[in-house]
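Participant: Below is data.tsv; it holds TSV, C-alpha atoms and all ligand atoms.
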chain	number	residue	atom	x	y	z
A	620	MET	CA	26.50	27.29	-22.29
A	621	THR	CA	25.71	30.32	-24.45
A	622	GLU	CA	24.78	33.67	-22.94
A	623	LEU	CA	21.14	33.17	-23.99
A	624	GLU	CA	20.99	29.70	-22.36
A	625	PHE	CA	22.52	31.14	-19.19
A	626	ILE	CA	19.91	33.94	-19.01
A	627	LEU	CA	17.06	31.45	-19.61
A	628	ALA	CA	18.38	29.08	-16.91
A	629	LEU	CA	18.73	32.00	-14.49
A	630	ARG	CA	15.15	33.13	-15.20
A	631	ILE	CA	13.81	29.60	-14.64
A	632	THR	CA	15.73	29.34	-11.36
A	633	ILE	CA	14.42	32.71	-10.13
A	634	CYS	CA	10.89	31.66	-11.14
A	635	ASP	CA	11.24	28.36	-9.18
A	636	ILE	CA	12.47	30.24	-6.09
A	637	TRP	CA	9.58	32.68	-6.34
A	638	ILE	CA	7.02	29.83	-6.59
A	639	TRP	CA	8.61	28.18	-3.53
A	640	ILE	CA	8.50	31.42	-1.52
A	641	TYR	CA	4.91	32.09	-2.60
A	642	SER	CA	3.64	28.59	-1.74
A	643	THR	CA	5.57	28.50	1.55
A	644	PHE	CA	4.41	31.83	2.89
A	645	THR	CA	0.86	32.03	1.52
A	646	ALA	CA	-0.57	28.77	2.94
A	647	ALA	CA	-3.49	29.72	5.15
A	648	VAL	CA	-2.97	29.15	8.85
A	649	MET	CA	-5.96	27.27	10.20
A	650	ILE	CA	-7.25	27.52	13.74
A	651	ILE	CA	-8.84	24.26	14.93
A	652	LYS	CA	-10.75	23.83	18.17
A	653	GLN	CA	-12.23	20.47	19.02
A	654	ILE	CA	-15.22	20.69	21.39
A	655	LYS	CA	-16.87	17.67	22.94
A	656	ILE	CA	-20.63	18.03	23.12
A	657	SER	CA	-22.29	16.42	26.13
A	658	GLY	CA	-24.69	13.55	25.49
A	659	PHE	CA	-23.46	11.45	22.57
A	660	ASP	CA	-19.71	12.10	22.72
A	661	VAL	CA	-20.04	14.20	19.58
A	662	PHE	CA	-17.07	16.25	18.46
A	663	CYS	CA	-17.91	19.73	17.19
A	664	TYR	CA	-15.16	21.82	15.55
A	665	ILE	CA	-14.46	25.49	15.28
A	666	VAL	CA	-12.24	26.06	12.26
A	667	GLY	CA	-10.97	29.50	11.44
A	668	CYS	CA	-8.62	31.39	9.18
A	669	GLU	CA	-5.96	33.10	11.29
A	670	ARG	CA	-5.47	36.05	8.90
A	671	THR	CA	-9.11	36.95	8.19
A	672	VAL	CA	-10.51	35.55	11.49
A	673	ILE	CA	-13.44	34.19	9.48
A	674	GLY	CA	-14.52	30.81	10.77
A	675	ALA	CA	-17.00	27.97	10.62
A	676	VAL	CA	-18.51	25.53	13.08
A	677	ILE	CA	-18.67	21.95	11.95
A	678	ASP	CA	-21.45	19.87	13.56
A	679	PRO	CA	-22.87	21.91	16.45
A	680	GLY	CA	-24.60	18.99	18.13
A	681	GLY	CA	-25.52	20.99	21.24
A	682	ASN	CA	-24.22	23.57	23.73
A	683	PRO	CA	-24.53	26.48	21.24
A	684	GLU	CA	-23.75	29.14	23.85
A	685	HIS	CA	-20.55	27.32	24.80
A	686	ILE	CA	-19.54	26.97	21.13
A	687	ALA	CA	-20.15	30.69	20.52
A	688	GLU	CA	-18.11	31.52	23.61
A	689	GLU	CA	-15.22	29.31	22.47
A	690	ALA	CA	-15.26	30.97	19.05
A	691	LYS	CA	-15.08	34.36	20.74
A	692	LYS	CA	-12.14	33.22	22.87
A	693	ALA	CA	-10.37	32.02	19.71
A	694	GLY	CA	-11.03	35.40	18.09
A	695	VAL	CA	-12.98	33.78	15.27
A	696	SER	CA	-16.11	35.23	13.68
A	697	ILE	CA	-18.44	32.36	12.75
A	698	ALA	CA	-19.71	32.84	9.21
A	699	PHE	CA	-20.82	29.28	8.47
A	700	ILE	CA	-22.36	26.29	10.25
A	701	ILE	CA	-21.47	23.17	8.29
A	702	HIS	CA	-23.18	19.81	8.80
A	703	THR	CA	-21.17	16.74	7.89
A	704	HIS	CA	-24.59	15.08	7.84
A	705	GLY	CA	-28.08	15.71	9.15
A	706	HIS	CA	-28.35	13.49	12.23
A	707	ILE	CA	-29.73	15.37	15.21
A	708	ASP	CA	-26.73	14.64	17.45
A	709	HIS	CA	-24.64	16.72	15.00
A	710	THR	CA	-27.15	19.49	14.32
A	711	ALA	CA	-29.17	20.14	17.50
A	712	GLY	CA	-27.37	23.39	18.36
A	713	THR	CA	-27.72	24.86	14.87
A	714	GLY	CA	-30.79	27.11	15.30
A	715	ARG	CA	-29.54	28.82	18.44
A	716	LEU	CA	-25.98	29.12	17.12
A	717	LYS	CA	-27.33	30.80	13.98
A	718	GLN	CA	-29.21	33.28	16.22
A	719	LEU	CA	-26.04	33.98	18.18
A	720	THR	CA	-23.69	34.35	15.21
A	721	GLY	CA	-25.76	35.08	12.10
A	722	ALA	CA	-23.89	32.26	10.37
A	723	ARG	CA	-25.22	30.61	7.24
A	724	ILE	CA	-26.04	26.91	7.32
A	725	VAL	CA	-24.27	24.63	4.86
A	726	ARG	CA	-24.90	20.99	3.96
A	727	HIS	CA	-24.88	18.65	0.98
A	728	ARG	CA	-27.86	18.81	-1.33
A	729	LEU	CA	-28.52	15.07	-0.92
A	730	GLU	CA	-28.71	15.26	2.87
A	731	GLY	CA	-32.09	15.18	4.63
A	732	ASP	CA	-34.19	18.24	5.47
A	733	LYS	CA	-32.98	21.35	3.64
A	734	ASN	CA	-35.58	23.87	4.87
A	735	GLU	CA	-33.21	25.80	7.09
A	736	VAL	CA	-30.18	25.42	4.83
A	737	ASP	CA	-28.68	28.56	3.27
A	738	ILE	CA	-25.97	27.00	1.10
A	739	LEU	CA	-26.30	23.62	-0.61
A	740	LEU	CA	-23.10	21.86	-1.57
A	741	ASP	CA	-22.99	19.96	-4.80
A	742	THR	CA	-21.43	16.57	-5.34
A	743	GLU	CA	-17.78	17.60	-5.33
A	744	GLU	CA	-16.59	21.15	-4.89
A	745	THR	CA	-14.48	23.45	-2.75
A	746	PHE	CA	-15.75	25.70	0.01
A	747	THR	CA	-13.88	28.77	1.17
A	748	VAL	CA	-13.69	30.02	4.76
A	749	GLY	CA	-11.47	33.11	4.83
A	750	ASP	CA	-8.23	32.02	3.18
A	751	ILE	CA	-8.92	28.34	3.85
A	752	ILE	CA	-10.10	26.35	0.86
A	753	PHE	CA	-11.83	23.15	1.92
A	754	THR	CA	-12.15	20.29	-0.51
A	755	ILE	CA	-15.56	18.72	-0.01
A	756	PHE	CA	-15.68	14.95	-0.32
A	757	HIS	CA	-19.17	13.56	-0.79
A	758	THR	CA	-18.94	10.41	1.32
A	759	PRO	CA	-22.25	8.51	1.25
A	760	GLY	CA	-22.62	5.35	3.31
A	761	HIS	CA	-23.59	6.46	6.81
A	762	THR	CA	-26.14	8.83	5.21
A	763	PRO	CA	-26.77	9.62	1.51
A	764	GLY	CA	-25.44	13.19	1.64
A	765	GLY	CA	-22.65	12.85	4.16
A	766	ILE	CA	-19.52	14.90	3.55
A	767	CYS	CA	-15.94	15.08	4.79
A	768	LEU	CA	-13.95	18.31	4.59
A	769	TYR	CA	-10.23	18.53	3.84
A	770	ALA	CA	-7.89	21.50	4.11
A	771	GLU	CA	-4.24	22.10	5.06
A	772	GLY	CA	-3.62	18.46	5.98
A	773	ASN	CA	-6.73	18.14	8.14
A	774	LEU	CA	-9.71	15.92	7.40
A	775	PHE	CA	-13.01	16.36	9.23
A	776	THR	CA	-14.78	13.05	8.87
A	777	GLY	CA	-18.14	13.30	10.66
A	778	ASP	CA	-19.62	9.82	11.06
A	779	THR	CA	-17.85	8.45	8.00
A	780	LEU	CA	-14.62	7.60	9.81
A	781	PHE	CA	-13.86	7.45	13.52
A	782	VAL	CA	-10.56	6.83	15.29
A	783	GLY	CA	-10.30	3.05	14.96
A	784	ASP	CA	-13.81	2.53	13.57
A	785	SER	CA	-16.35	3.91	11.09
A	786	GLY	CA	-19.96	5.04	11.00
A	787	ARG	CA	-23.04	2.85	11.44
A	788	THR	CA	-24.61	1.40	8.32
A	789	ASP	CA	-27.77	-0.09	9.87
A	790	LEU	CA	-29.76	3.16	9.71
A	791	THR	CA	-32.29	4.48	7.19
A	792	GLY	CA	-30.34	5.69	4.18
A	793	SER	CA	-27.18	3.81	5.13
A	794	ASP	CA	-25.24	1.78	2.58
A	795	ARG	CA	-22.31	-0.31	3.79
A	796	ALA	CA	-20.70	-0.84	0.38
A	797	ALA	CA	-20.94	2.90	-0.31
A	798	LEU	CA	-19.25	3.68	3.02
A	799	GLY	CA	-16.39	1.38	2.06
A	800	ARG	CA	-15.98	3.20	-1.27
A	801	SER	CA	-16.13	6.58	0.48
A	802	ILE	CA	-13.42	5.68	2.99
A	803	ARG	CA	-11.19	4.19	0.28
A	804	ARG	CA	-11.31	7.56	-1.51
A	805	LEU	CA	-10.29	9.37	1.69
A	806	MET	CA	-7.37	6.98	2.04
A	807	GLU	CA	-5.88	8.40	-1.18
A	808	LEU	CA	-4.94	11.50	0.83
A	809	PRO	CA	-1.44	11.50	2.42
A	810	ASP	CA	-0.92	9.12	5.35
A	811	GLU	CA	0.02	12.01	7.63
A	812	THR	CA	-3.40	13.66	7.14
A	813	ALA	CA	-4.96	14.39	10.53
A	814	VAL	CA	-8.32	12.69	11.11
A	815	TRP	CA	-10.82	14.75	13.11
A	816	PRO	CA	-13.82	12.45	13.76
A	817	GLY	CA	-17.46	13.20	14.56
A	818	HIS	CA	-17.49	11.23	17.83
A	819	ASP	CA	-15.07	10.50	20.63
A	820	TYR	CA	-15.21	6.72	20.18
A	821	GLY	CA	-11.52	5.88	19.81
A	822	PRO	CA	-8.48	5.60	22.04
A	823	THR	CA	-7.47	9.16	21.09
A	824	PRO	CA	-9.52	12.21	20.03
A	825	SER	CA	-7.85	12.33	16.62
A	826	SER	CA	-5.51	10.20	14.52
A	827	THR	CA	-3.96	10.09	11.06
A	828	LEU	CA	-4.99	8.24	7.92
A	829	GLY	CA	-1.78	6.22	8.18
A	830	TRP	CA	-2.73	5.08	11.68
A	831	GLU	CA	-6.23	4.16	10.48
A	832	LYS	CA	-4.83	2.07	7.63
A	833	ARG	CA	-2.97	-0.04	10.17
A	834	ASN	CA	-5.42	-0.06	13.08
A	835	ASN	CA	-9.03	0.64	12.02
A	836	VAL	CA	-11.29	-2.35	12.68
A	837	ASN	CA	-12.90	-1.94	9.24
A	838	ALA	CA	-9.66	-1.52	7.31
A	839	ARG	CA	-9.60	-5.07	5.97
A	840	GLU	CA	-13.33	-5.27	5.18
A	841	TYR	CA	-13.33	-1.92	3.38
A	842	GLY	CA	-10.14	-2.62	1.51
A	843	PHE	CA	-7.75	-0.03	2.89
A	844	TYR	CA	-5.75	-2.53	4.95
A	845	ASN	CA	-2.04	-1.82	5.19
A	846	GLU	CA	0.13	-4.93	5.02
A	847	GLY	CA	2.25	-3.40	7.79
A	848	GLY	CA	-0.47	-4.52	10.21
A	849	PRO	CA	-1.36	-3.05	13.60
A	850	GLN	CA	1.23	-0.86	15.27
B	1	FE	FE	-24.68	10.10	12.36
Would you mind giving the structure from this file in structure tokens?
Facilitator:
Amino acid sequence: MTELEFILALRITICDIWIWIYSTFTAAVMIIKQIKISGFDVFCYIVGCERTVIGAVIDPGGNPEHIAEEAKKAGVSIAFIIHTHGHIDHTAGTGRLKQLTGARIVRHRLEGDKNEVDILLDTEETFTVGDIIFTIFHTPGHTPGGICLYAEGNLFTGDTLFVGDSGRTDLTGSDRAALGRSIRRLMELPDETAVWPGHDYGPTPSSTLGWEKRNNVNAREYGFYNEGGPQ
């Protein structure tokens, strides 16, 4: 090896180490609080960025005072209220929670009534909460403008995917084939991705995509069946 080759190799090695250090120590730390809303077993989520303490509430289906209190306990300032979709059991607490927090309301542009919405999401984009960058998946099927949010190995699935099941497709605006396509796209994420569903309908309050591939009742019909079979 010549002196020049040695210097180049050394520079590349130092550069690789720096990239590793940067990516290891700059990943945002995400606070997640799962809150069960009384009535329809809806799961609401407080998600927050640990460094900036900026947060969002996903699907405030009710109990807005309790949600605001939980956010306070977690030390998170709620800047956004995000609807995975527009069904009332996921949105009923929105107005009061906005009064309490001043948060802006976010939903997909294809989803229902947009009168009170402050930020409309387009088909596919990212959405930033503090240092957390959510990838927005437009997942039609349960409703036309349903979304799932992914960040830091966590997937918030609304009524697209439940633990062991998936959303209804017998409602106005539902499309069963579209739901199958939407879930198949989600299944391209790593198997260890945590699934945070919109209702407490399964044997556990959360799961992983790998578990869903083996155990979800719709896995075979929607084409994400894992030949390993049920655990
Ligand atoms: Fe729904």
Participant: Residues at most 10 Å from ligand FE 1 (chain B), using all atoms listed in the file? Could they come as a PDB file with C-alpha atoms, in the coordinates of the input?
Facilitator:
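This is the output file out-v8.pdb:
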ATOM      1  CA  VAL A 661     -20.040  14.200  19.580  1.00  0.00           C
ATOM      2  CA  THR A 703     -21.170  16.740   7.890  1.00  0.00           C
ATOM      3  CA  HIS A 704     -24.590  15.080   7.840  1.00  0.00           C
ATOM      4  CA  GLY A 705     -28.080  15.710   9.150  1.00  0.00           C
ATOM      5  CA  HIS A 706     -28.350  13.490  12.230  1.00  0.00           C
ATOM      6  CA  ILE A 707     -29.730  15.370  15.210  1.00  0.00           C
ATOM      7  CA  ASP A 708     -26.730  14.640  17.450  1.00  0.00           C
ATOM      8  CA  HIS A 709     -24.640  16.720  15.000  1.00  0.00           C
ATOM      9  CA  THR A 710     -27.150  19.490  14.320  1.00  0.00           C
ATOM     10  CA  HIS A 761     -23.590   6.460   6.810  1.00  0.00           C
ATOM     11  CA  THR A 762     -26.140   8.830   5.210  1.00  0.00           C
ATOM     12  CA  GLY A 765     -22.650  12.850   4.160  1.00  0.00           C
ATOM     13  CA  GLY A 777     -18.140  13.300  10.660  1.00  0.00           C
ATOM     14  CA  ASP A 778     -19.620   9.820  11.060  1.00  0.00           C
ATOM     15  CA  THR A 779     -17.850   8.450   8.000  1.00  0.00           C
ATOM     16  CA  GLY A 786     -19.960   5.040  11.000  1.00  0.00           C
ATOM     17  CA  ARG A 787     -23.040   2.850  11.440  1.00  0.00           C
ATOM     18  CA  THR A 788     -24.610   1.400   8.320  1.00  0.00           C
ATOM     19  CA  LEU A 790     -29.760   3.160   9.710  1.00  0.00           C
ATOM     20  CA  SER A 793     -27.180   3.810   5.130  1.00  0.00           C
ATOM     21  CA  GLY A 817     -17.460  13.200  14.560  1.00  0.00           C
ATOM     22  CA  HIS A 818     -17.490  11.230  17.830  1.00  0.00           C
TER      23      HIS A 818
END
Participant: Calculate how many Å separate atom CA of A:Ile656 from atom CA of A:Ala711, rounding to one decimal.
Facilitator: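 The value is 10.4 Å.
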Participant: Write out as a PyMOL selection string the residues lying within 8 Å of A:Lys832, counting all atoms listed in the file and excluding same-chain residues fewer than 5 positions away.
Facilitator: chain A and resi 806+838+843-845
Participant: Between A:Ser826, A:Thr758, A:Glu771, A:Pro816, single out the one closest to A:Arg803, counting all atoms listed in the file.
Facilitator: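 When distances to A:Arg803 are compared using all atoms listed in the file, the smallest one comes from A:Thr758.
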Participant: Within 12 Å of (-3.8, 9.6, -0.6) in the file's own coordinates, which protein, DNA or RNA residues have an atom, counting all atoms listed in the file? List them as a PDB file with C-alpha atoms, in the coordinates of the input.
Facilitator:
ATOM      1  CA  TYR A 769     -10.230  18.530   3.840  1.00  0.00           C
ATOM      2  CA  GLY A 772      -3.620  18.460   5.980  1.00  0.00           C
ATOM      3  CA  LEU A 774      -9.710  15.920   7.400  1.00  0.00           C
ATOM      4  CA  ILE A 802     -13.420   5.680   2.990  1.00  0.00           C
ATOM      5  CA  ARG A 803     -11.190   4.190   0.280  1.00  0.00           C
ATOM      6  CA  ARG A 804     -11.310   7.560  -1.510  1.00  0.00           C
ATOM      7  CA  LEU A 805     -10.290   9.370   1.690  1.00  0.00           C
ATOM      8  CA  MET A 806      -7.370   6.980   2.040  1.00  0.00           C
ATOM      9  CA  GLU A 807      -5.880   8.400  -1.180  1.00  0.00           C
ATOM     10  CA  LEU A 808      -4.940  11.500   0.830  1.00  0.00           C
ATOM     11  CA  PRO A 809      -1.440  11.500   2.420  1.00  0.00           C
ATOM     12  CA  ASP A 810      -0.920   9.120   5.350  1.00  0.00           C
ATOM     13  CA  GLU A 811       0.020  12.010   7.630  1.00  0.00           C
ATOM     14  CA  THR A 812      -3.400  13.660   7.140  1.00  0.00           C
ATOM     15  CA  THR A 827      -3.960  10.090  11.060  1.00  0.00           C
ATOM     16  CA  LEU A 828      -4.990   8.240   7.920  1.00  0.00           C
ATOM     17  CA  GLY A 829      -1.780   6.220   8.180  1.00  0.00           C
ATOM     18  CA  LYS A 832      -4.830   2.070   7.630  1.00  0.00           C
ATOM     19  CA  PHE A 843      -7.750  -0.030   2.890  1.00  0.00           C
TER      20      PHE A 843
END
Participant: Between A:Asn837, A:Thr745, A:Ser696, A:Ser801, which residue has the minimum interatomic distance to A:Gly721, considering all atoms listed in the file?
Facilitator: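 Looking at the shortest contact to A:Gly721, the residue is A:Ser696.
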Participant: Pick from A:Ile724, A:Val666, A:Ala796, A:Ile697: nearest to A:Pro759, with only C-alpha atoms counted?
Facilitator: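 Looking at the shortest contact to A:Pro759, the residue is A:Ala796.
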Participant: May I have the residues within 10 Å of A:Ala690 as a PyMOL selection string, using only C-alpha atoms and disregarding those fewer than 6 positions away in the same chain?
Facilitator: chain A and resi 652+664-667+674-676+684+696-697+720
